[in-house]
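Data block for coords_19.pdb (PDB, C-alpha atoms and all ligand atoms):
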ATOM      1  CA  MET O   1      34.139 112.732 105.836  1.00  0.00           C
ATOM      2  CA  ILE O   2      36.296 113.829 108.730  1.00  0.00           C
ATOM      3  CA  ILE O   3      39.768 115.341 108.766  1.00  0.00           C
ATOM      4  CA  ARG O   4      41.901 114.465 111.776  1.00  0.00           C
ATOM      5  CA  LYS O   5      45.480 113.889 112.897  1.00  0.00           C
ATOM      6  CA  GLU O   6      47.205 110.717 111.704  1.00  0.00           C
ATOM      7  CA  THR O   7      47.994 108.152 114.392  1.00  0.00           C
ATOM      8  CA  GLU O   8      51.029 105.911 114.740  1.00  0.00           C
ATOM      9  CA  LYS O   9      49.089 102.706 114.252  1.00  0.00           C
ATOM     10  CA  GLU O  10      47.990 103.957 110.813  1.00  0.00           C
ATOM     11  CA  PHE O  11      51.488 104.593 109.447  1.00  0.00           C
ATOM     12  CA  ASN O  12      51.539 101.359 107.384  1.00  0.00           C
ATOM     13  CA  GLN O  13      48.094 102.059 105.986  1.00  0.00           C
ATOM     14  CA  ILE O  14      49.115 105.619 105.096  1.00  0.00           C
ATOM     15  CA  TYR O  15      52.277 104.281 103.434  1.00  0.00           C
ATOM     16  CA  ASP O  16      50.093 102.196 101.120  1.00  0.00           C
ATOM     17  CA  LEU O  17      47.639 105.048 100.536  1.00  0.00           C
ATOM     18  CA  VAL O  18      50.427 107.430  99.431  1.00  0.00           C
ATOM     19  CA  LYS O  19      52.010 104.755  97.242  1.00  0.00           C
ATOM     20  CA  VAL O  20      48.751 103.945  95.469  1.00  0.00           C
ATOM     21  CA  ALA O  21      47.732 107.612  95.067  1.00  0.00           C
ATOM     22  CA  PHE O  22      51.015 108.543  93.412  1.00  0.00           C
ATOM     23  CA  GLN O  23      50.731 105.671  90.951  1.00  0.00           C
ATOM     24  CA  THR O  24      48.162 107.858  89.178  1.00  0.00           C
ATOM     25  CA  ALA O  25      49.898 111.214  89.799  1.00  0.00           C
ATOM     26  CA  LYS O  26      50.910 113.465  86.910  1.00  0.00           C
ATOM     27  CA  VAL O  27      54.449 113.488  88.270  1.00  0.00           C
ATOM     28  CA  SER O  28      55.962 110.921  90.638  1.00  0.00           C
ATOM     29  CA  ASN O  29      59.340 109.412  91.446  1.00  0.00           C
ATOM     30  CA  GLY O  30      57.631 106.382  93.005  1.00  0.00           C
ATOM     31  CA  LYS O  31      59.182 107.182  96.374  1.00  0.00           C
ATOM     32  CA  GLU O  32      56.703 109.607  97.928  1.00  0.00           C
ATOM     33  CA  GLN O  33      55.593 107.009 100.515  1.00  0.00           C
ATOM     34  CA  ASP O  34      59.209 106.593 101.662  1.00  0.00           C
ATOM     35  CA  PHE O  35      59.629 110.363 101.767  1.00  0.00           C
ATOM     36  CA  ALA O  36      56.661 110.558 104.160  1.00  0.00           C
ATOM     37  CA  THR O  37      58.357 108.022 106.440  1.00  0.00           C
ATOM     38  CA  GLU O  38      61.657 109.929 106.265  1.00  0.00           C
ATOM     39  CA  LEU O  39      59.907 113.166 107.161  1.00  0.00           C
ATOM     40  CA  ARG O  40      58.286 111.538 110.206  1.00  0.00           C
ATOM     41  CA  ASP O  41      61.673 110.305 111.354  1.00  0.00           C
ATOM     42  CA  SER O  42      63.287 113.715 110.855  1.00  0.00           C
ATOM     43  CA  GLY O  43      63.267 116.598 113.289  1.00  0.00           C
ATOM     44  CA  ASN O  44      60.918 118.418 110.924  1.00  0.00           C
ATOM     45  CA  TYR O  45      57.839 116.314 111.657  1.00  0.00           C
ATOM     46  CA  ILE O  46      54.868 118.144 113.194  1.00  0.00           C
ATOM     47  CA  PRO O  47      52.295 115.565 114.389  1.00  0.00           C
ATOM     48  CA  GLU O  48      49.541 118.220 114.579  1.00  0.00           C
ATOM     49  CA  LEU O  49      49.968 118.932 110.853  1.00  0.00           C
ATOM     50  CA  ALA O  50      49.964 115.370 109.516  1.00  0.00           C
ATOM     51  CA  LEU O  51      46.316 114.757 108.726  1.00  0.00           C
ATOM     52  CA  VAL O  52      44.121 112.060 107.267  1.00  0.00           C
ATOM     53  CA  ALA O  53      40.731 112.250 105.578  1.00  0.00           C
ATOM     54  CA  GLU O  54      38.484 109.430 106.706  1.00  0.00           C
ATOM     55  CA  GLU O  55      35.131 108.341 105.316  1.00  0.00           C
ATOM     56  CA  ASP O  56      33.083 105.522 106.851  1.00  0.00           C
ATOM     57  CA  GLY O  57      36.145 104.334 108.749  1.00  0.00           C
ATOM     58  CA  LYS O  58      38.323 104.210 105.617  1.00  0.00           C
ATOM     59  CA  LEU O  59      41.383 106.407 105.022  1.00  0.00           C
ATOM     60  CA  ILE O  60      40.890 108.184 101.696  1.00  0.00           C
ATOM     61  CA  GLY O  61      43.374 111.050 101.874  1.00  0.00           C
ATOM     62  CA  HIS O  62      46.477 112.285 103.647  1.00  0.00           C
ATOM     63  CA  ILE O  63      48.584 115.439 103.929  1.00  0.00           C
ATOM     64  CA  MET O  64      51.820 116.295 105.702  1.00  0.00           C
ATOM     65  CA  LEU O  65      53.132 119.736 106.536  1.00  0.00           C
ATOM     66  CA  THR O  66      56.642 119.634 107.960  1.00  0.00           C
ATOM     67  CA  LYS O  67      59.161 122.257 108.966  1.00  0.00           C
ATOM     68  CA  THR O  68      61.363 123.676 106.264  1.00  0.00           C
ATOM     69  CA  TYR O  69      63.669 126.665 106.285  1.00  0.00           C
ATOM     70  CA  ILE O  70      64.175 129.734 104.147  1.00  0.00           C
ATOM     71  CA  THR O  71      67.665 131.011 104.809  1.00  0.00           C
ATOM     72  CA  THR O  72      69.068 134.494 104.336  1.00  0.00           C
ATOM     73  CA  GLY O  73      72.700 134.882 105.308  1.00  0.00           C
ATOM     74  CA  ASP O  74      72.938 133.601 108.867  1.00  0.00           C
ATOM     75  CA  SER O  75      69.236 133.754 109.621  1.00  0.00           C
ATOM     76  CA  LYS O  76      66.808 130.886 109.169  1.00  0.00           C
ATOM     77  CA  PHE O  77      63.092 131.475 108.765  1.00  0.00           C
ATOM     78  CA  GLU O  78      60.873 128.540 109.730  1.00  0.00           C
ATOM     79  CA  ALA O  79      58.204 127.822 107.129  1.00  0.00           C
ATOM     80  CA  LEU O  80      56.131 124.740 106.295  1.00  0.00           C
ATOM     81  CA  LEU O  81      56.508 122.306 103.423  1.00  0.00           C
ATOM     82  CA  ILE O  82      53.468 120.472 102.017  1.00  0.00           C
ATOM     83  CA  ALA O  83      54.566 117.010 100.958  1.00  0.00           C
ATOM     84  CA  PRO O  84      53.131 114.639 100.156  1.00  0.00           C
ATOM     85  CA  ILE O  85      49.395 115.154  99.608  1.00  0.00           C
ATOM     86  CA  SER O  86      47.396 112.162  98.448  1.00  0.00           C
ATOM     87  CA  VAL O  87      43.765 111.335  97.740  1.00  0.00           C
ATOM     88  CA  LEU O  88      42.698 107.891  96.536  1.00  0.00           C
ATOM     89  CA  LEU O  89      41.716 107.964  92.858  1.00  0.00           C
ATOM     90  CA  GLU O  90      38.084 107.005  93.408  1.00  0.00           C
ATOM     91  CA  TYR O  91      37.588 109.918  95.849  1.00  0.00           C
ATOM     92  CA  ARG O  92      39.166 112.679  93.736  1.00  0.00           C
ATOM     93  CA  ASN O  93      37.496 115.839  92.431  1.00  0.00           C
ATOM     94  CA  LYS O  94      35.139 115.965  95.416  1.00  0.00           C
ATOM     95  CA  GLY O  95      37.061 118.542  97.403  1.00  0.00           C
ATOM     96  CA  VAL O  96      38.945 116.125  99.695  1.00  0.00           C
ATOM     97  CA  GLY O  97      42.353 117.553  98.698  1.00  0.00           C
ATOM     98  CA  SER O  98      41.053 121.097  99.207  1.00  0.00           C
ATOM     99  CA  GLU O  99      39.688 120.250 102.643  1.00  0.00           C
ATOM    100  CA  LEU O 100      42.990 118.674 103.677  1.00  0.00           C
ATOM    101  CA  ILE O 101      44.848 121.814 102.581  1.00  0.00           C
ATOM    102  CA  ASN O 102      42.377 124.259 104.122  1.00  0.00           C
ATOM    103  CA  GLU O 103      42.247 122.424 107.459  1.00  0.00           C
ATOM    104  CA  SER O 104      46.044 122.127 107.628  1.00  0.00           C
ATOM    105  CA  PHE O 105      46.309 125.871 106.911  1.00  0.00           C
ATOM    106  CA  ARG O 106      43.808 126.676 109.661  1.00  0.00           C
ATOM    107  CA  LEU O 107      45.772 124.612 112.194  1.00  0.00           C
ATOM    108  CA  ALA O 108      49.112 125.993 110.984  1.00  0.00           C
ATOM    109  CA  ARG O 109      47.906 129.585 111.407  1.00  0.00           C
ATOM    110  CA  LYS O 110      46.796 128.771 114.954  1.00  0.00           C
ATOM    111  CA  MET O 111      50.298 127.445 115.638  1.00  0.00           C
ATOM    112  CA  GLY O 112      51.790 130.715 114.422  1.00  0.00           C
ATOM    113  CA  TYR O 113      53.122 129.671 111.031  1.00  0.00           C
ATOM    114  CA  THR O 114      52.925 132.294 108.305  1.00  0.00           C
ATOM    115  CA  VAL O 115      54.411 130.754 105.147  1.00  0.00           C
ATOM    116  CA  VAL O 116      53.944 127.455 103.267  1.00  0.00           C
ATOM    117  CA  VAL O 117      56.086 126.205 100.390  1.00  0.00           C
ATOM    118  CA  LEU O 118      55.746 123.257  98.038  1.00  0.00           C
ATOM    119  CA  VAL O 119      56.889 121.748  94.785  1.00  0.00           C
ATOM    120  CA  GLY O 120      53.858 120.991  92.662  1.00  0.00           C
ATOM    121  CA  ASP O 121      51.595 121.724  89.746  1.00  0.00           C
ATOM    122  CA  PRO O 122      50.648 125.433  89.609  1.00  0.00           C
ATOM    123  CA  ALA O 123      47.373 124.469  87.877  1.00  0.00           C
ATOM    124  CA  TYR O 124      46.199 122.870  91.127  1.00  0.00           C
ATOM    125  CA  TYR O 125      47.807 125.078  93.761  1.00  0.00           C
ATOM    126  CA  HIS O 126      46.993 128.538  92.394  1.00  0.00           C
ATOM    127  CA  ARG O 127      43.474 128.255  93.820  1.00  0.00           C
ATOM    128  CA  PHE O 128      44.883 128.133  97.360  1.00  0.00           C
ATOM    129  CA  GLY O 129      46.953 131.291  96.851  1.00  0.00           C
ATOM    130  CA  PHE O 130      50.254 129.666  95.936  1.00  0.00           C
ATOM    131  CA  ARG O 131      52.521 131.739  93.680  1.00  0.00           C
ATOM    132  CA  PRO O 132      56.014 131.045  92.342  1.00  0.00           C
ATOM    133  CA  ALA O 133      58.570 131.524  95.112  1.00  0.00           C
ATOM    134  CA  VAL O 134      60.770 133.566  92.760  1.00  0.00           C
ATOM    135  CA  ASN O 135      58.013 136.216  92.653  1.00  0.00           C
ATOM    136  CA  PHE O 136      58.843 136.862  96.299  1.00  0.00           C
ATOM    137  CA  GLY O 137      62.608 136.914  95.761  1.00  0.00           C
ATOM    138  CA  ILE O 138      62.950 133.377  97.127  1.00  0.00           C
ATOM    139  CA  LYS O 139      65.409 131.068  95.413  1.00  0.00           C
ATOM    140  CA  HIS O 140      65.617 127.287  95.420  1.00  0.00           C
ATOM    141  CA  ILE O 141      67.698 124.477  94.029  1.00  0.00           C
ATOM    142  CA  PRO O 142      68.125 125.077  90.296  1.00  0.00           C
ATOM    143  CA  GLU O 143      67.088 121.581  89.143  1.00  0.00           C
ATOM    144  CA  ILE O 144      63.389 122.384  89.588  1.00  0.00           C
ATOM    145  CA  PRO O 145      61.758 124.818  87.123  1.00  0.00           C
ATOM    146  CA  ASP O 146      60.762 128.085  88.848  1.00  0.00           C
ATOM    147  CA  GLU O 147      57.032 127.793  88.303  1.00  0.00           C
ATOM    148  CA  TYR O 148      56.811 124.518  90.281  1.00  0.00           C
ATOM    149  CA  VAL O 149      58.361 125.889  93.457  1.00  0.00           C
ATOM    150  CA  MET O 150      55.602 127.869  95.113  1.00  0.00           C
ATOM    151  CA  THR O 151      54.916 129.741  98.299  1.00  0.00           C
ATOM    152  CA  CYS O 152      51.704 130.764 100.002  1.00  0.00           C
ATOM    153  CA  GLU O 153      51.177 133.373 102.709  1.00  0.00           C
ATOM    154  CA  LEU O 154      49.059 132.119 105.606  1.00  0.00           C
ATOM    155  CA  VAL O 155      48.984 135.652 106.903  1.00  0.00           C
ATOM    156  CA  PRO O 156      48.626 138.587 104.483  1.00  0.00           C
ATOM    157  CA  ASP O 157      51.930 140.150 103.456  1.00  0.00           C
ATOM    158  CA  ALA O 158      53.987 137.583 105.390  1.00  0.00           C
ATOM    159  CA  LEU O 159      56.412 137.523 102.460  1.00  0.00           C
ATOM    160  CA  ASN O 160      56.608 141.273 101.911  1.00  0.00           C
ATOM    161  CA  GLY O 161      60.208 142.383 101.644  1.00  0.00           C
ATOM    162  CA  PHE O 162      61.337 138.787 101.980  1.00  0.00           C
ATOM    163  CA  SER O 163      64.248 137.083 100.246  1.00  0.00           C
ATOM    164  CA  GLY O 164      66.203 133.901 100.812  1.00  0.00           C
ATOM    165  CA  ILE O 165      66.800 130.347  99.696  1.00  0.00           C
ATOM    166  CA  ILE O 166      64.483 127.430 100.410  1.00  0.00           C
ATOM    167  CA  ASP O 167      66.360 124.540 101.902  1.00  0.00           C
ATOM    168  CA  PHE O 168      64.498 121.377 100.879  1.00  0.00           C
ATOM    169  CA  SER O 169      66.943 119.078 102.658  1.00  0.00           C
TER     170      SER O 169
HETATM  171  C1  LIG H 201      46.335 116.359  93.819  1.00  0.00           C
HETATM  172  C2  LIG H 201      45.239 115.644  94.617  1.00  0.00           C
HETATM  173  C3  LIG H 201      45.697 115.521  96.077  1.00  0.00           C
HETATM  174  C4  LIG H 201      43.960 116.482  94.539  1.00  0.00           C
HETATM  175  O1  LIG H 201      42.974 115.843  95.339  1.00  0.00           O
HETATM  176  P1  LIG H 201      41.396 116.068  95.068  1.00  0.00           P
HETATM  177  O2  LIG H 201      40.685 115.581  96.268  1.00  0.00           O
HETATM  178  O3  LIG H 201      41.015 115.494  93.759  1.00  0.00           O
HETATM  179  O4  LIG H 201      41.356 117.655  94.980  1.00  0.00           O
HETATM  180  P2  LIG H 201      40.074 118.585  94.963  1.00  0.00           P
HETATM  181  O5  LIG H 201      38.841 117.754  94.803  1.00  0.00           O
HETATM  182  O6  LIG H 201      40.154 119.492  96.116  1.00  0.00           O
HETATM  183  O7  LIG H 201      40.337 119.449  93.676  1.00  0.00           O
HETATM  184  C5  LIG H 201      40.102 118.878  92.443  1.00  0.00           C
HETATM  185  C6  LIG H 201      40.399 119.919  91.378  1.00  0.00           C
HETATM  186  O8  LIG H 201      41.808 120.025  91.210  1.00  0.00           O
HETATM  187  C7  LIG H 201      42.160 119.696  89.883  1.00  0.00           C
HETATM  188  N1  LIG H 201      43.438 118.992  89.923  1.00  0.00           N
HETATM  189  C8  LIG H 201      43.782 117.924  90.658  1.00  0.00           C
HETATM  190  N2  LIG H 201      45.072 117.595  90.425  1.00  0.00           N
HETATM  191  C9  LIG H 201      45.538 118.479  89.533  1.00  0.00           C
HETATM  192  C10 LIG H 201      46.788 118.656  88.904  1.00  0.00           C
HETATM  193  N3  LIG H 201      47.837 117.867  89.149  1.00  0.00           N
HETATM  194  N4  LIG H 201      46.887 119.687  88.036  1.00  0.00           N
HETATM  195  C11 LIG H 201      45.848 120.503  87.783  1.00  0.00           C
HETATM  196  N5  LIG H 201      44.655 120.388  88.359  1.00  0.00           N
HETATM  197  C12 LIG H 201      44.501 119.379  89.215  1.00  0.00           C
HETATM  198  C13 LIG H 201      41.030 118.826  89.396  1.00  0.00           C
HETATM  199  O9  LIG H 201      40.942 118.847  87.984  1.00  0.00           O
HETATM  200  C14 LIG H 201      39.838 119.515  90.034  1.00  0.00           C
HETATM  201  O10 LIG H 201      39.548 120.701  89.335  1.00  0.00           O
HETATM  202  P3  LIG H 201      38.121 121.429  89.412  1.00  0.00           P
HETATM  203  O11 LIG H 201      37.924 121.836  90.850  1.00  0.00           O
HETATM  204  O12 LIG H 201      38.273 122.599  88.520  1.00  0.00           O
HETATM  205  O13 LIG H 201      37.147 120.407  88.967  1.00  0.00           O
HETATM  206  C15 LIG H 201      44.917 114.243  94.024  1.00  0.00           C
HETATM  207  O14 LIG H 201      44.626 114.416  92.650  1.00  0.00           O
HETATM  208  C16 LIG H 201      46.039 113.218  94.162  1.00  0.00           C
HETATM  209  O15 LIG H 201      46.170 112.554  95.190  1.00  0.00           O
HETATM  210  N6  LIG H 201      46.864 113.070  93.115  1.00  0.00           N
HETATM  211  C17 LIG H 201      47.938 112.078  93.134  1.00  0.00           C
HETATM  212  C18 LIG H 201      49.053 112.520  94.048  1.00  0.00           C
HETATM  213  C19 LIG H 201      49.571 113.896  93.654  1.00  0.00           C
HETATM  214  O16 LIG H 201      49.764 114.205  92.497  1.00  0.00           O
HETATM  215  N7  LIG H 201      49.789 114.732  94.681  1.00  0.00           N
HETATM  216  C20 LIG H 201      50.193 116.122  94.479  1.00  0.00           C
HETATM  217  C21 LIG H 201      51.618 116.233  94.112  1.00  0.00           C
HETATM  218  S1  LIG H 201      52.033 117.930  93.767  1.00  0.00           S
END
Using the file provided, produce a representation of the structure as structure tokens.
Amino acid sequence: MIIRKETEKEFNQIYDLVKVAFQTAKVSNGKEQDFATELRDSGNYIPELALVAEEDGKLIGHIMLTKTYITTGDSKFEALLIAPISVLLEYRNKGVGSELINESFRLARKMGYTVVVLVGDPAYYHRFGFRPAVNFGIKHIPEIPDEYVMTCELVPDALNGFSGIIDFS
């Protein structure tokens, strides 16, 4: 299996991959594939951090890290949002999701990013170092229960003394 950047000619294929993967997700609004397209069309897209997992020429997984902001008063801190992450059902529990996350983190660190946020299941994301954002004094929109909004430091202590509000828009 290789992990590499997504390419434009694969966007339709990735759309289908995300759609199919989320049909068997624990939680889904059925629109994650459209969200991926919206993110690409937004100013928050980072081509270097939109990756696919490929095995024998077939796309089996995908991850997108895009820019998001944690605001405090007038200042805006640029962090990364993981969304969506998808692995085809028949390739799950073999470490593909972990490799997509670890490789995206390695590249993100090289680009100078220090903080990643996401909305997801703590049972899966704890292993990568994600902790509830509220533990770091970071707030978010109140509709989502606290434990599902998580942050991860790419660099030790990046969130020390931090506070602010995550802007998911
Ligand atoms: C989440 C997902 C990307 C993980 O991909 P994967 O390649 O199976 O992940 P890995 O092989 O690296 O890790 C598998 C481990 O995570 C666990 N896991 C996977 N999804 C989980 C979840 N939602 N909650 C708790 N644990 C989960 C598995 O039980 C397995 O545990 P183990 O290592 O103790 O055996 C994949 O299940 C998927 O595409 N799901 C549908 C889309 C989705 O839900 N995306 C995430 C939205 S937050």
Q. Which residue, O:Thr66, O:Thr37, O:Thr72, O:Ser98, has the smallest gap to ligand LIG 201 (chain H) when you use only C-alpha atoms and all ligand atoms?
A.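 Closest candidate: O:Ser98.
What separates atom C15 of ligand LIG 201 (chain H) from CA of Tyr125 (chain O) is a distance of 11.2 Å.
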Q | Result set of the PyMOL selection byres (((chain O and resi 77) around 12) and not hetatm) on the coordinates above, as a PyMOL selection string | A | chain O and resi 67-76+78-80+113-116+138+158-159+162-167
Each residue of chain O lying at most 8 Å from ligand LIG 201 (chain H) should get a row with its shortest atom-to-atom pair and the distance in Å to one decimal, counting all atoms listed in the file; could you produce that, ordered by chain and increasing number, as JSON lines?
{"residue": "O:Val18", "atom": "CA", "partner": "H:LIG201", "partner_atom": "C18", "distance": 7.5}
{"residue": "O:Ala21", "atom": "CA", "partner": "H:LIG201", "partner_atom": "C17", "distance": 4.9}
{"residue": "O:Phe22", "atom": "CA", "partner": "H:LIG201", "partner_atom": "C18", "distance": 4.5}
{"residue": "O:Gln23", "atom": "CA", "partner": "H:LIG201", "partner_atom": "C17", "distance": 7.3}
{"residue": "O:Thr24", "atom": "CA", "partner": "H:LIG201", "partner_atom": "C17", "distance": 5.8}
{"residue": "O:Ala25", "atom": "CA", "partner": "H:LIG201", "partner_atom": "C17", "distance": 4.0}
{"residue": "O:Lys26", "atom": "CA", "partner": "H:LIG201", "partner_atom": "O16", "distance": 5.8}
{"residue": "O:Val27", "atom": "CA", "partner": "H:LIG201", "partner_atom": "O16", "distance": 6.4}
{"residue": "O:Ser28", "atom": "CA", "partner": "H:LIG201", "partner_atom": "O16", "distance": 7.3}
{"residue": "O:Gly61", "atom": "CA", "partner": "H:LIG201", "partner_atom": "O15", "distance": 7.4}
{"residue": "O:Ala83", "atom": "CA", "partner": "H:LIG201", "partner_atom": "C21", "distance": 7.5}
{"residue": "O:Pro84", "atom": "CA", "partner": "H:LIG201", "partner_atom": "N7", "distance": 6.4}
{"residue": "O:Ile85", "atom": "CA", "partner": "H:LIG201", "partner_atom": "N7", "distance": 5.0}
{"residue": "O:Ser86", "atom": "CA", "partner": "H:LIG201", "partner_atom": "O15", "distance": 3.5}
{"residue": "O:Val87", "atom": "CA", "partner": "H:LIG201", "partner_atom": "O15", "distance": 3.7}
{"residue": "O:Leu88", "atom": "CA", "partner": "H:LIG201", "partner_atom": "O15", "distance": 6.0}
{"residue": "O:Leu89", "atom": "CA", "partner": "H:LIG201", "partner_atom": "O15", "distance": 6.8}
{"residue": "O:Tyr91", "atom": "CA", "partner": "H:LIG201", "partner_atom": "O2", "distance": 6.5}
{"residue": "O:Arg92", "atom": "CA", "partner": "H:LIG201", "partner_atom": "O3", "distance": 3.4}
{"residue": "O:Asn93", "atom": "CA", "partner": "H:LIG201", "partner_atom": "O5", "distance": 3.3}
{"residue": "O:Lys94", "atom": "CA", "partner": "H:LIG201", "partner_atom": "O5", "distance": 4.2}
{"residue": "O:Gly95", "atom": "CA", "partner": "H:LIG201", "partner_atom": "O5", "distance": 3.2}
{"residue": "O:Val96", "atom": "CA", "partner": "H:LIG201", "partner_atom": "O2", "distance": 3.9}
{"residue": "O:Gly97", "atom": "CA", "partner": "H:LIG201", "partner_atom": "O2", "distance": 3.5}
{"residue": "O:Ser98", "atom": "CA", "partner": "H:LIG201", "partner_atom": "O6", "distance": 3.6}
{"residue": "O:Glu99", "atom": "CA", "partner": "H:LIG201", "partner_atom": "O6", "distance": 6.6}
{"residue": "O:Leu118", "atom": "CA", "partner": "H:LIG201", "partner_atom": "S1", "distance": 7.8}
{"residue": "O:Val119", "atom": "CA", "partner": "H:LIG201", "partner_atom": "S1", "distance": 6.3}
{"residue": "O:Gly120", "atom": "CA", "partner": "H:LIG201", "partner_atom": "S1", "distance": 3.7}
{"residue": "O:Asp121", "atom": "CA", "partner": "H:LIG201", "partner_atom": "N4", "distance": 5.4}
{"residue": "O:Pro122", "atom": "CA", "partner": "H:LIG201", "partner_atom": "N4", "distance": 7.0}
{"residue": "O:Ala123", "atom": "CA", "partner": "H:LIG201", "partner_atom": "C11", "distance": 4.3}
{"residue": "O:Tyr124", "atom": "CA", "partner": "H:LIG201", "partner_atom": "N5", "distance": 4.0}
{"residue": "O:Tyr125", "atom": "CA", "partner": "H:LIG201", "partner_atom": "C11", "distance": 7.8}
Q | Atomic distance CA of Ala133 (chain O) - CA of Met150 (chain O), expressed in Å with one decimal | A | 4.7 Å
Q.
Which polymer residues, whether protein, DNA or RNA, lie within 9 Å of the coordinate (39.8, 117.0, 113.5) when you count only C-alpha atoms? List them as a PyMOL selection string, using the chain letters and numbers from the file.
A. chain O and resi 2-5+51+103
Q: Measuring atom to atom with only C-alpha atoms, identify which of O:His62, O:Lys9, O:Arg40, O:Lys139 is nearest to Leu100 (chain O).
A: O:His62
Q.
Applying the PyMOL selection byres (((chain O and resi 56-59) around 9) and not hetatm) to the file I just gave you, which residues come out? Please list them as a PyMOL selection string.
A. chain O and resi 1+13-14+17+52-55+60-62+88
Q) Looking at O:Met111, O:Met64, O:Gly161, O:Ile144, which one is nearest to Glu38 (chain O), with distances taken over all atoms listed in the file? A) O:Met64
Q: Record the distance separating CA of Leu81 (chain O) and CA of Glu143 (chain O), expressed in Å with one decimal.
A: 17.8 Å
**Q.** region 130-132 of chain O environment, 7 Å, only C-alpha atoms, sequence neighbours closer than 3 positions dropped, as a list in words
**A.**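 Skipping anything fewer than 3 positions along the chain leaves Tyr125, His126, Asn135, Asp146, Glu147, Tyr148, Val149, Met150, Thr151 and Cys152 of chain O.
Nearest residue to His140 (chain O), choosing from O:Arg106, O:Val117, O:Ile46, O:Asp16 and counting all atoms listed in the file: O:Val117.
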**Q.** From O:Gln33, O:Asn160, O:Asn102, O:Ser42, residue lying nearest Asn12 (chain O) [only C-alpha atoms]
**A.**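 Answer, going by the shortest atom-to-atom distance: O:Gln33.
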Listed atoms of region 17-20 of chain O, axis-aligned box, 8 Å per side: centre and edge lengths to one decimal in Å, as lines of an AutoDock Vina configuration file?
center_x = 49.8
center_y = 105.7
center_z = 98.0
size_x = 20.4
size_y = 19.5
size_z = 21.1
Q) So which one's closest to Glu10 (chain O), O:Ala50, O:Ile82, O:Ile141, O:Leu107? Using only C-alpha atoms, please. A)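 The shortest atom-to-atom distance to Glu10 (chain O) comes from O:Ala50.
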What would region 126-139 of chain O look like with N, CA and C atoms restored, written as an mmCIF file, in the coordinates of the input?
data_model
loop_
_atom_site.group_PDB
_atom_site.id
_atom_site.type_symbol
_atom_site.label_atom_id
_atom_site.label_comp_id
_atom_site.auth_asym_id
_atom_site.auth_seq_id
_atom_site.Cartn_x
_atom_site.Cartn_y
_atom_site.Cartn_z
ATOM 1 N N HIS O 126 47.344 127.118 92.506
ATOM 2 C CA HIS O 126 46.993 128.538 92.394
ATOM 3 C C HIS O 126 45.749 128.883 93.197
ATOM 4 N N ARG O 127 44.764 127.973 93.168
ATOM 5 C CA ARG O 127 43.474 128.255 93.820
ATOM 6 C C ARG O 127 43.592 128.468 95.324
ATOM 7 N N PHE O 128 44.695 127.965 95.912
ATOM 8 C CA PHE O 128 44.883 128.133 97.360
ATOM 9 C C PHE O 128 45.734 129.377 97.678
ATOM 10 N N GLY O 129 46.153 130.078 96.627
ATOM 11 C CA GLY O 129 46.953 131.291 96.851
ATOM 12 C C GLY O 129 48.444 131.078 96.648
ATOM 13 N N PHE O 130 48.826 129.899 96.175
ATOM 14 C CA PHE O 130 50.254 129.666 95.936
ATOM 15 C C PHE O 130 50.712 130.425 94.693
ATOM 16 N N ARG O 131 51.900 131.033 94.800
ATOM 17 C CA ARG O 131 52.521 131.739 93.680
ATOM 18 C C ARG O 131 53.988 131.320 93.605
ATOM 19 N N PRO O 132 54.611 131.456 92.430
ATOM 20 C CA PRO O 132 56.014 131.045 92.342
ATOM 21 C C PRO O 132 56.873 131.745 93.398
ATOM 22 N N ALA O 133 57.723 130.972 94.046
ATOM 23 C CA ALA O 133 58.570 131.524 95.112
ATOM 24 C C ALA O 133 59.451 132.647 94.583
ATOM 25 N N VAL O 134 59.883 132.520 93.322
ATOM 26 C CA VAL O 134 60.770 133.566 92.760
ATOM 27 C C VAL O 134 60.073 134.929 92.722
ATOM 28 N N ASN O 135 58.749 134.935 92.643
ATOM 29 C CA ASN O 135 58.013 136.216 92.653
ATOM 30 C C ASN O 135 58.255 136.980 93.949
ATOM 31 N N PHE O 136 58.603 136.235 94.993
ATOM 32 C CA PHE O 136 58.843 136.862 96.299
ATOM 33 C C PHE O 136 60.340 137.013 96.585
ATOM 34 N N GLY O 137 61.163 136.788 95.552
ATOM 35 C CA GLY O 137 62.608 136.914 95.761
ATOM 36 C C GLY O 137 63.192 135.718 96.496
ATOM 37 N N ILE O 138 62.466 134.575 96.434
ATOM 38 C CA ILE O 138 62.950 133.377 97.127
ATOM 39 C C ILE O 138 63.516 132.400 96.108
ATOM 40 N N LYS O 139 64.756 131.996 96.344
ATOM 41 C CA LYS O 139 65.409 131.068 95.413
ATOM 42 C C LYS O 139 65.290 129.639 95.919
#
